Amino acid sequence: MKNIKNIALTLVCTAVLAACSGDDGKDGTVGTAGVQGEQGVAGVSNFVTAQDVVNTNAQHAYAAFADSLIAAKFLQEKVNELVQNPTEANFTAAKSAWLAAREPYGQTEVYRFREGPIDALTKNEAGEWVLVDGEGPEGAINAWPLAEALIDYTIDMDGNEGRGNAAVYQNGGNIIHDVTSFPVITKALLQEKFELDGEEANVTSGYHAVEFLLWGQDLNADLTYTANRDYTAGHRPVTDFYTAATIPADEANGRTCTSGEQGAQDAVCERRAQFLIAAADLLVDDLQNVVNAWKPGPGFHYSEYTKAENVDKSLASMFESMGRLSFGELAGERMSIAVRTDSQEDEHSCFSDNTHRDIWLNAKGVQNHYSGSYTKIDGEALIGASIHDLLVVKGHHELANELRAAFEATMATASVIDNTAKLGMSFDVQIQNEQNKQDVYATIQALVKQTELIQKAVDALGLEIDNSLKGDTEEDI
């Protein structure tokens, strides 16, 4: 036993000495920065391949979407608790759960803009899961902006003209209040009325439908809408979920069902609760399907994505998604339009004033793709083979360094928007202040620069992508 202990101690000491004394690079690492060994270059193993990078990316897709599902299920739980017992504490808990659910999902959006599950997952006539571009659940999960007047009571605000001329609107009606047209509110109804009359703004499901039902419109503190905004988010009262079955009637103290400041029949609050539950349930269903497709092993898309014969295509799709999210979607549609037009309706999470997190998380997702990293909601850091590694191995050291610096610059500028909001000035107010607008434009320009470098990396690696990285917006950026 003594000899075994001595041997073990010797091995430990040898390992410690080896770790502390540096490395000559022959095992794929470098002890002294920049020194090249037989199997390593500047700290990166020569054995990092495109297959490694794609495998890491697929594994992180599963982790990020699984985190999104876990958080959505927690939101679902808190929504049910609110409906069963509509107290201020449960109302706050449901809203906090919604905010938490956005954290992992925002980082998954870089898996869009390719023929992947989020944009293309659907069933064929035989009931089998397949990918058909444009038929996926992304819209049902995250569509915005939405014409909230289709769902519940509103006051007139700029931007609702996109809702079209559906009959439900003609007399100020909406799904929750129109019992005649919509006698029962179910998941099937929300799916059926999604993009009613072909209008993209007629959104009935997803994160932002739930957001609207939890916060209501983002009016000022006095519950009016004017062009000069304050820092408050939506002001929906918890009484919008009161019913005789959940809260003992106390009309003298306003303890009855409401629609904003107006009293309402219990049936209205019951239907509002039914809508909220159905939307939360649909969100979980849709995310579950995406998670299943990305599951390592049995997930049909995971298997296809990581096949050796598909590696170049999958690697190219990573770059395409990074570029198209950076330029057209984030810099263009999610930021440039809002700041250029001073449009509250065109900010991503306009009811909760969480747009600063949307911006930061989307940018972080792109950086994650490059660095081969993702931090799970439980704090576990997942780190694997990265695009940066691959560029170094292929001899593009300067370009790798430029890209790394560009992503860091974008995150720094996005953090200014994020921190300004956390310090009290929400994004919808930032875009009205000249100095803060310059901060937003700085992030837009950082995103433009990183997109140009992403294209350089595509060219350097000899990859082919199907679409222009700058073709998803008409904004002049």
# chains A, B, ... in the order shown; residues from 1 in each chain; ligands from 1
$ select_by_dssp --residues "region 169-309 of chain A" --states "strand (DSSP E)" --output "list in words"
Thr258, Ser259, Gln262 and Gly263 of chain A
$ write_last_selection --atoms "all heavy atoms" --output "PDB file, in the first residue's frame"
ATOM      1  N   THR A 258     -60.671  43.443 -14.297  1.00  0.00           N
ATOM      2  CA  THR A 258     -60.526  44.698 -15.031  1.00  0.00           C
ATOM      3  C   THR A 258     -59.944  44.442 -16.412  1.00  0.00           C
ATOM      4  O   THR A 258     -59.387  43.384 -16.687  1.00  0.00           O
ATOM      5  CB  THR A 258     -59.575  45.670 -14.305  1.00  0.00           C
ATOM      6  OG1 THR A 258     -58.284  45.063 -14.201  1.00  0.00           O
ATOM      7  CG2 THR A 258     -60.084  46.028 -12.922  1.00  0.00           C
ATOM      8  N   SER A 259     -60.106  45.439 -17.250  1.00  0.00           N
ATOM      9  CA  SER A 259     -59.347  45.535 -18.493  1.00  0.00           C
ATOM     10  C   SER A 259     -58.680  46.897 -18.439  1.00  0.00           C
ATOM     11  O   SER A 259     -59.228  47.908 -18.880  1.00  0.00           O
ATOM     12  CB  SER A 259     -60.258  45.397 -19.711  1.00  0.00           C
ATOM     13  OG  SER A 259     -60.667  44.065 -19.886  1.00  0.00           O
ATOM     14  N   GLN A 262     -60.614  49.930 -16.620  1.00  0.00           N
ATOM     15  CA  GLN A 262     -62.041  49.688 -16.740  1.00  0.00           C
ATOM     16  C   GLN A 262     -62.435  48.373 -16.082  1.00  0.00           C
ATOM     17  O   GLN A 262     -61.716  47.384 -16.156  1.00  0.00           O
ATOM     18  CB  GLN A 262     -62.436  49.642 -18.222  1.00  0.00           C
ATOM     19  CG  GLN A 262     -62.027  50.865 -19.015  1.00  0.00           C
ATOM     20  CD  GLN A 262     -62.666  52.139 -18.474  1.00  0.00           C
ATOM     21  OE1 GLN A 262     -63.851  52.157 -18.163  1.00  0.00           O
ATOM     22  NE2 GLN A 262     -61.874  53.191 -18.363  1.00  0.00           N
ATOM     23  N   GLY A 263     -63.591  48.369 -15.452  1.00  0.00           N
ATOM     24  CA  GLY A 263     -64.115  47.129 -14.913  1.00  0.00           C
ATOM     25  C   GLY A 263     -64.521  46.203 -16.052  1.00  0.00           C
ATOM     26  O   GLY A 263     -64.805  46.640 -17.170  1.00  0.00           O
TER      27      GLY A 263
END
$ select_by_dssp --residues "region 206-418 of chain A" --states "alpha helix (DSSP H)" --output "PyMOL selection string"
chain A and resi 207-215+266-294+300-306+311-324+337-341+355-371+387-393+397-418
$ residues_around --residues "Glu270 (chain A)" --least-positions-apart "2" --cutoff "12 Å" --atoms "only C-alpha atoms" --output "PyMOL selection string"
chain A and resi 83-84+86+176-177+179+184-185+239-247+257-259+264-268+272-277
$ residues_around --residues "region 73-75 of chain A" --least-positions-apart "2" --cutoff "9 Å" --atoms "only C-alpha atoms" --output "list of chain:residue names"
A:Ser68, A:Leu69, A:Ile70, A:Ala71, A:Glu77, A:Lys78, A:Val79, A:Asn80, A:Ala93, A:Ala94, A:Lys95, A:Ser96, A:Ala97, A:Trp98, A:Ala100, A:Ala101, A:Ala280, A:Asp281, A:Leu283, A:Val284
$ write_last_selection --atoms "N, CA, C and O atoms" --output "JSON list (two decimals), in the first residue's frame"
[["chain", "number", "residue", "atom", "x", "y", "z"],
["A", 68, "SER", "N", -33.26, 27.13, -23.33],
["A", 68, "SER", "CA", -34.46, 27.92, -23.66],
["A", 68, "SER", "C", -35.72, 27.16, -23.27],
["A", 68, "SER", "O", -36.69, 27.75, -22.76],
["A", 69, "LEU", "N", -35.73, 25.87, -23.51],
["A", 69, "LEU", "CA", -36.88, 25.04, -23.15],
["A", 69, "LEU", "C", -37.03, 24.95, -21.64],
["A", 69, "LEU", "O", -38.15, 25.06, -21.11],
["A", 70, "ILE", "N", -35.94, 24.74, -20.93],
["A", 70, "ILE", "CA", -36.00, 24.69, -19.47],
["A", 70, "ILE", "C", -36.57, 25.99, -18.91],
["A", 70, "ILE", "O", -37.46, 25.98, -18.04],
["A", 71, "ALA", "N", -36.08, 27.11, -19.43],
["A", 71, "ALA", "CA", -36.56, 28.41, -18.95],
["A", 71, "ALA", "C", -38.02, 28.65, -19.33],
["A", 71, "ALA", "O", -38.77, 29.25, -18.58],
["A", 77, "GLU", "N", -44.77, 27.33, -15.71],
["A", 77, "GLU", "CA", -45.14, 27.06, -14.32],
["A", 77, "GLU", "C", -45.59, 28.33, -13.61],
["A", 77, "GLU", "O", -46.62, 28.33, -12.90],
["A", 78, "LYS", "N", -44.85, 29.41, -13.79],
["A", 78, "LYS", "CA", -45.18, 30.66, -13.11],
["A", 78, "LYS", "C", -46.45, 31.30, -13.67],
["A", 78, "LYS", "O", -47.21, 31.95, -12.94],
["A", 79, "VAL", "N", -46.68, 31.12, -14.96],
["A", 79, "VAL", "CA", -47.93, 31.60, -15.57],
["A", 79, "VAL", "C", -49.12, 30.87, -14.96],
["A", 79, "VAL", "O", -50.15, 31.49, -14.63],
["A", 80, "ASN", "N", -49.01, 29.58, -14.80],
["A", 80, "ASN", "CA", -50.10, 28.81, -14.20],
["A", 80, "ASN", "C", -50.34, 29.21, -12.75],
["A", 80, "ASN", "O", -51.49, 29.30, -12.30],
["A", 93, "ALA", "N", -43.46, 37.33, -10.23],
["A", 93, "ALA", "CA", -42.70, 36.10, -10.49],
["A", 93, "ALA", "C", -42.84, 35.66, -11.94],
["A", 93, "ALA", "O", -41.88, 35.20, -12.57],
["A", 94, "ALA", "N", -44.04, 35.79, -12.51],
["A", 94, "ALA", "CA", -44.26, 35.41, -13.91],
["A", 94, "ALA", "C", -43.46, 36.32, -14.84],
["A", 94, "ALA", "O", -42.85, 35.86, -15.81],
["A", 95, "LYS", "N", -43.45, 37.61, -14.54],
["A", 95, "LYS", "CA", -42.69, 38.54, -15.38],
["A", 95, "LYS", "C", -41.18, 38.29, -15.25],
["A", 95, "LYS", "O", -40.45, 38.35, -16.25],
["A", 96, "SER", "N", -40.73, 37.99, -14.05],
["A", 96, "SER", "CA", -39.31, 37.68, -13.86],
["A", 96, "SER", "C", -38.93, 36.41, -14.64],
["A", 96, "SER", "O", -37.84, 36.32, -15.22],
["A", 97, "ALA", "N", -39.83, 35.44, -14.65],
["A", 97, "ALA", "CA", -39.57, 34.21, -15.40],
["A", 97, "ALA", "C", -39.51, 34.48, -16.89],
["A", 97, "ALA", "O", -38.72, 33.85, -17.61],
["A", 98, "TRP", "N", -40.33, 35.40, -17.39],
["A", 98, "TRP", "CA", -40.28, 35.76, -18.81],
["A", 98, "TRP", "C", -38.92, 36.38, -19.14],
["A", 98, "TRP", "O", -38.28, 36.02, -20.15],
["A", 100, "ALA", "N", -36.12, 35.97, -17.59],
["A", 100, "ALA", "CA", -35.10, 34.93, -17.51],
["A", 100, "ALA", "C", -35.13, 34.02, -18.73],
["A", 100, "ALA", "O", -34.09, 33.56, -19.20],
["A", 101, "ALA", "N", -36.32, 33.78, -19.26],
["A", 101, "ALA", "CA", -36.47, 32.90, -20.43],
["A", 101, "ALA", "C", -35.84, 33.51, -21.68],
["A", 101, "ALA", "O", -35.42, 32.78, -22.59],
["A", 280, "ALA", "N", -48.21, 30.24, -23.53],
["A", 280, "ALA", "CA", -47.05, 29.66, -22.84],
["A", 280, "ALA", "C", -46.90, 28.18, -23.20],
["A", 280, "ALA", "O", -45.77, 27.70, -23.39],
["A", 281, "ASP", "N", -48.01, 27.48, -23.30],
["A", 281, "ASP", "CA", -47.96, 26.05, -23.67],
["A", 281, "ASP", "C", -47.41, 25.86, -25.08],
["A", 281, "ASP", "O", -46.61, 24.96, -25.34],
["A", 283, "LEU", "N", -45.43, 27.85, -26.68],
["A", 283, "LEU", "CA", -44.01, 28.18, -26.67],
["A", 283, "LEU", "C", -43.18, 26.96, -26.26],
["A", 283, "LEU", "O", -42.17, 26.63, -26.90],
["A", 284, "VAL", "N", -43.64, 26.27, -25.23],
["A", 284, "VAL", "CA", -42.94, 25.07, -24.78],
["A", 284, "VAL", "C", -42.99, 23.98, -25.86],
["A", 284, "VAL", "O", -41.97, 23.33, -26.15]]
$ residues_around --residues "Asp466 (chain A)" --least-positions-apart "2" --cutoff "10 Å" --atoms "only C-alpha atoms" --output "list in words"
Arg114, Lys313, Ala316, Ser317, Glu320, Glu464, Ser468 and Leu469 of chain A
$ write_last_selection --atoms "all heavy atoms" --output "PDB file, in the first residue's frame"
ATOM      1  N   ARG A 114     -30.433  29.917 -41.905  1.00  0.00           N
ATOM      2  CA  ARG A 114     -29.881  28.728 -42.560  1.00  0.00           C
ATOM      3  C   ARG A 114     -31.037  27.735 -42.587  1.00  0.00           C
ATOM      4  O   ARG A 114     -32.039  27.911 -41.911  1.00  0.00           O
ATOM      5  CB  ARG A 114     -28.692  28.168 -41.779  1.00  0.00           C
ATOM      6  CG  ARG A 114     -29.068  27.672 -40.380  1.00  0.00           C
ATOM      7  CD  ARG A 114     -27.901  27.100 -39.603  1.00  0.00           C
ATOM      8  NE  ARG A 114     -27.157  28.123 -38.894  1.00  0.00           N
ATOM      9  CZ  ARG A 114     -26.176  27.848 -38.031  1.00  0.00           C
ATOM     10  NH1 ARG A 114     -25.818  26.589 -37.809  1.00  0.00           N
ATOM     11  NH2 ARG A 114     -25.538  28.800 -37.399  1.00  0.00           N
ATOM     12  N   LYS A 313     -20.625  22.449 -45.847  1.00  0.00           N
ATOM     13  CA  LYS A 313     -21.915  23.140 -45.914  1.00  0.00           C
ATOM     14  C   LYS A 313     -22.315  23.669 -44.540  1.00  0.00           C
ATOM     15  O   LYS A 313     -22.789  24.807 -44.408  1.00  0.00           O
ATOM     16  CB  LYS A 313     -22.987  22.188 -46.446  1.00  0.00           C
ATOM     17  CG  LYS A 313     -24.377  22.799 -46.499  1.00  0.00           C
ATOM     18  CD  LYS A 313     -25.412  21.792 -46.991  1.00  0.00           C
ATOM     19  CE  LYS A 313     -26.820  22.395 -46.971  1.00  0.00           C
ATOM     20  NZ  LYS A 313     -27.832  21.398 -47.395  1.00  0.00           N
ATOM     21  N   ALA A 316     -20.119  26.599 -43.555  1.00  0.00           N
ATOM     22  CA  ALA A 316     -20.546  27.786 -44.308  1.00  0.00           C
ATOM     23  C   ALA A 316     -21.818  28.367 -43.713  1.00  0.00           C
ATOM     24  O   ALA A 316     -21.988  29.594 -43.633  1.00  0.00           O
ATOM     25  CB  ALA A 316     -20.758  27.422 -45.774  1.00  0.00           C
ATOM     26  N   SER A 317     -22.744  27.504 -43.269  1.00  0.00           N
ATOM     27  CA  SER A 317     -23.998  27.985 -42.693  1.00  0.00           C
ATOM     28  C   SER A 317     -23.749  28.726 -41.389  1.00  0.00           C
ATOM     29  O   SER A 317     -24.475  29.671 -41.050  1.00  0.00           O
ATOM     30  CB  SER A 317     -24.968  26.825 -42.470  1.00  0.00           C
ATOM     31  OG  SER A 317     -24.582  26.018 -41.368  1.00  0.00           O
ATOM     32  N   GLU A 320     -22.720  32.152 -42.478  1.00  0.00           N
ATOM     33  CA  GLU A 320     -23.868  32.868 -43.047  1.00  0.00           C
ATOM     34  C   GLU A 320     -24.793  33.372 -41.945  1.00  0.00           C
ATOM     35  O   GLU A 320     -25.254  34.517 -41.976  1.00  0.00           O
ATOM     36  CB  GLU A 320     -24.634  31.969 -44.012  1.00  0.00           C
ATOM     37  CG  GLU A 320     -25.804  32.688 -44.680  1.00  0.00           C
ATOM     38  CD  GLU A 320     -26.452  31.876 -45.789  1.00  0.00           C
ATOM     39  OE1 GLU A 320     -25.874  30.850 -46.209  1.00  0.00           O
ATOM     40  OE2 GLU A 320     -27.541  32.280 -46.235  1.00  0.00           O
ATOM     41  N   GLU A 464     -18.573  28.415 -49.597  1.00  0.00           N
ATOM     42  CA  GLU A 464     -19.619  28.986 -50.438  1.00  0.00           C
ATOM     43  C   GLU A 464     -20.883  29.164 -49.610  1.00  0.00           C
ATOM     44  O   GLU A 464     -21.316  28.239 -48.922  1.00  0.00           O
ATOM     45  CB  GLU A 464     -19.916  28.078 -51.633  1.00  0.00           C
ATOM     46  CG  GLU A 464     -18.755  27.943 -52.610  1.00  0.00           C
ATOM     47  CD  GLU A 464     -19.115  27.089 -53.816  1.00  0.00           C
ATOM     48  OE1 GLU A 464     -20.302  26.694 -53.911  1.00  0.00           O
ATOM     49  OE2 GLU A 464     -18.228  26.814 -54.636  1.00  0.00           O
ATOM     50  N   SER A 468     -26.316  36.737 -49.756  1.00  0.00           N
ATOM     51  CA  SER A 468     -25.492  37.864 -49.349  1.00  0.00           C
ATOM     52  C   SER A 468     -25.655  38.091 -47.849  1.00  0.00           C
ATOM     53  O   SER A 468     -26.760  38.021 -47.317  1.00  0.00           O
ATOM     54  CB  SER A 468     -25.911  39.133 -50.099  1.00  0.00           C
ATOM     55  OG  SER A 468     -25.340  40.284 -49.494  1.00  0.00           O
ATOM     56  N   LEU A 469     -24.554  38.369 -47.172  1.00  0.00           N
ATOM     57  CA  LEU A 469     -24.634  38.641 -45.740  1.00  0.00           C
ATOM     58  C   LEU A 469     -25.300  39.979 -45.455  1.00  0.00           C
ATOM     59  O   LEU A 469     -25.695  40.231 -44.315  1.00  0.00           O
ATOM     60  CB  LEU A 469     -23.208  38.644 -45.136  1.00  0.00           C
ATOM     61  CG  LEU A 469     -22.409  37.339 -45.282  1.00  0.00           C
ATOM     62  CD1 LEU A 469     -21.106  37.447 -44.518  1.00  0.00           C
ATOM     63  CD2 LEU A 469     -23.207  36.132 -44.804  1.00  0.00           C
TER      64      LEU A 469
END
$ residues_around --residues "region 335-348 of chain A" --least-positions-apart "4" --cutoff "9 Å" --atoms "only C-alpha atoms" --output "NGL selection string"
:A and (144-146 or 157-160 or 208 or 218 or 329-331 or 353-356 or 358-359 or 427-432 or 437 or 440-441 or 443-444 or 475-477)
$ atom_distance --atom1 "CA of Pro183 (chain A)" --atom2 "CA of Tyr153 (chain A)"
17.2 Å
$ residues_around --residues "Glu148 (chain A)" --least-positions-apart "6" --cutoff "9 Å" --atoms "only C-alpha atoms" --output "PyMOL selection string"
chain A and resi 154+160+163+174+201-204+209+212+216-217
$ closest_residue --among "A:Asn142, A:Thr473, A:Gln288, A:Thr49" --to "Gly206 (chain A)" --atoms "only C-alpha atoms"
A:Asn142
$ closest_residue --among "A:Lys364, A:Gly395, A:Glu434, A:Asp459" --to "Glu408 (chain A)" --atoms "only C-alpha atoms"
A:Lys364
$ closest_residue --among "A:Ile454, A:Ala233, A:Ala147, A:Leu189" --to "Ser352 (chain A)" --atoms "only C-alpha atoms"
A:Ala233
$ atom_distance --atom1 "CA of Leu463 (chain A)" --atom2 "CA of Phe407 (chain A)"
20.8 Å
$ atom_distance --atom1 "CA of Ala446 (chain A)" --atom2 "CA of Ala409 (chain A)"
6.7 Å
$ closest_residue --among "A:Glu109, A:Glu192, A:Glu135, A:Asp439" --to "Ser321 (chain A)" --atoms "only C-alpha atoms"
A:Glu109
$ closest_residue --among "A:Ala188, A:Ile465, A:Ile383, A:Leu325" --to "Gln107 (chain A)" --atoms "only C-alpha atoms"
A:Leu325
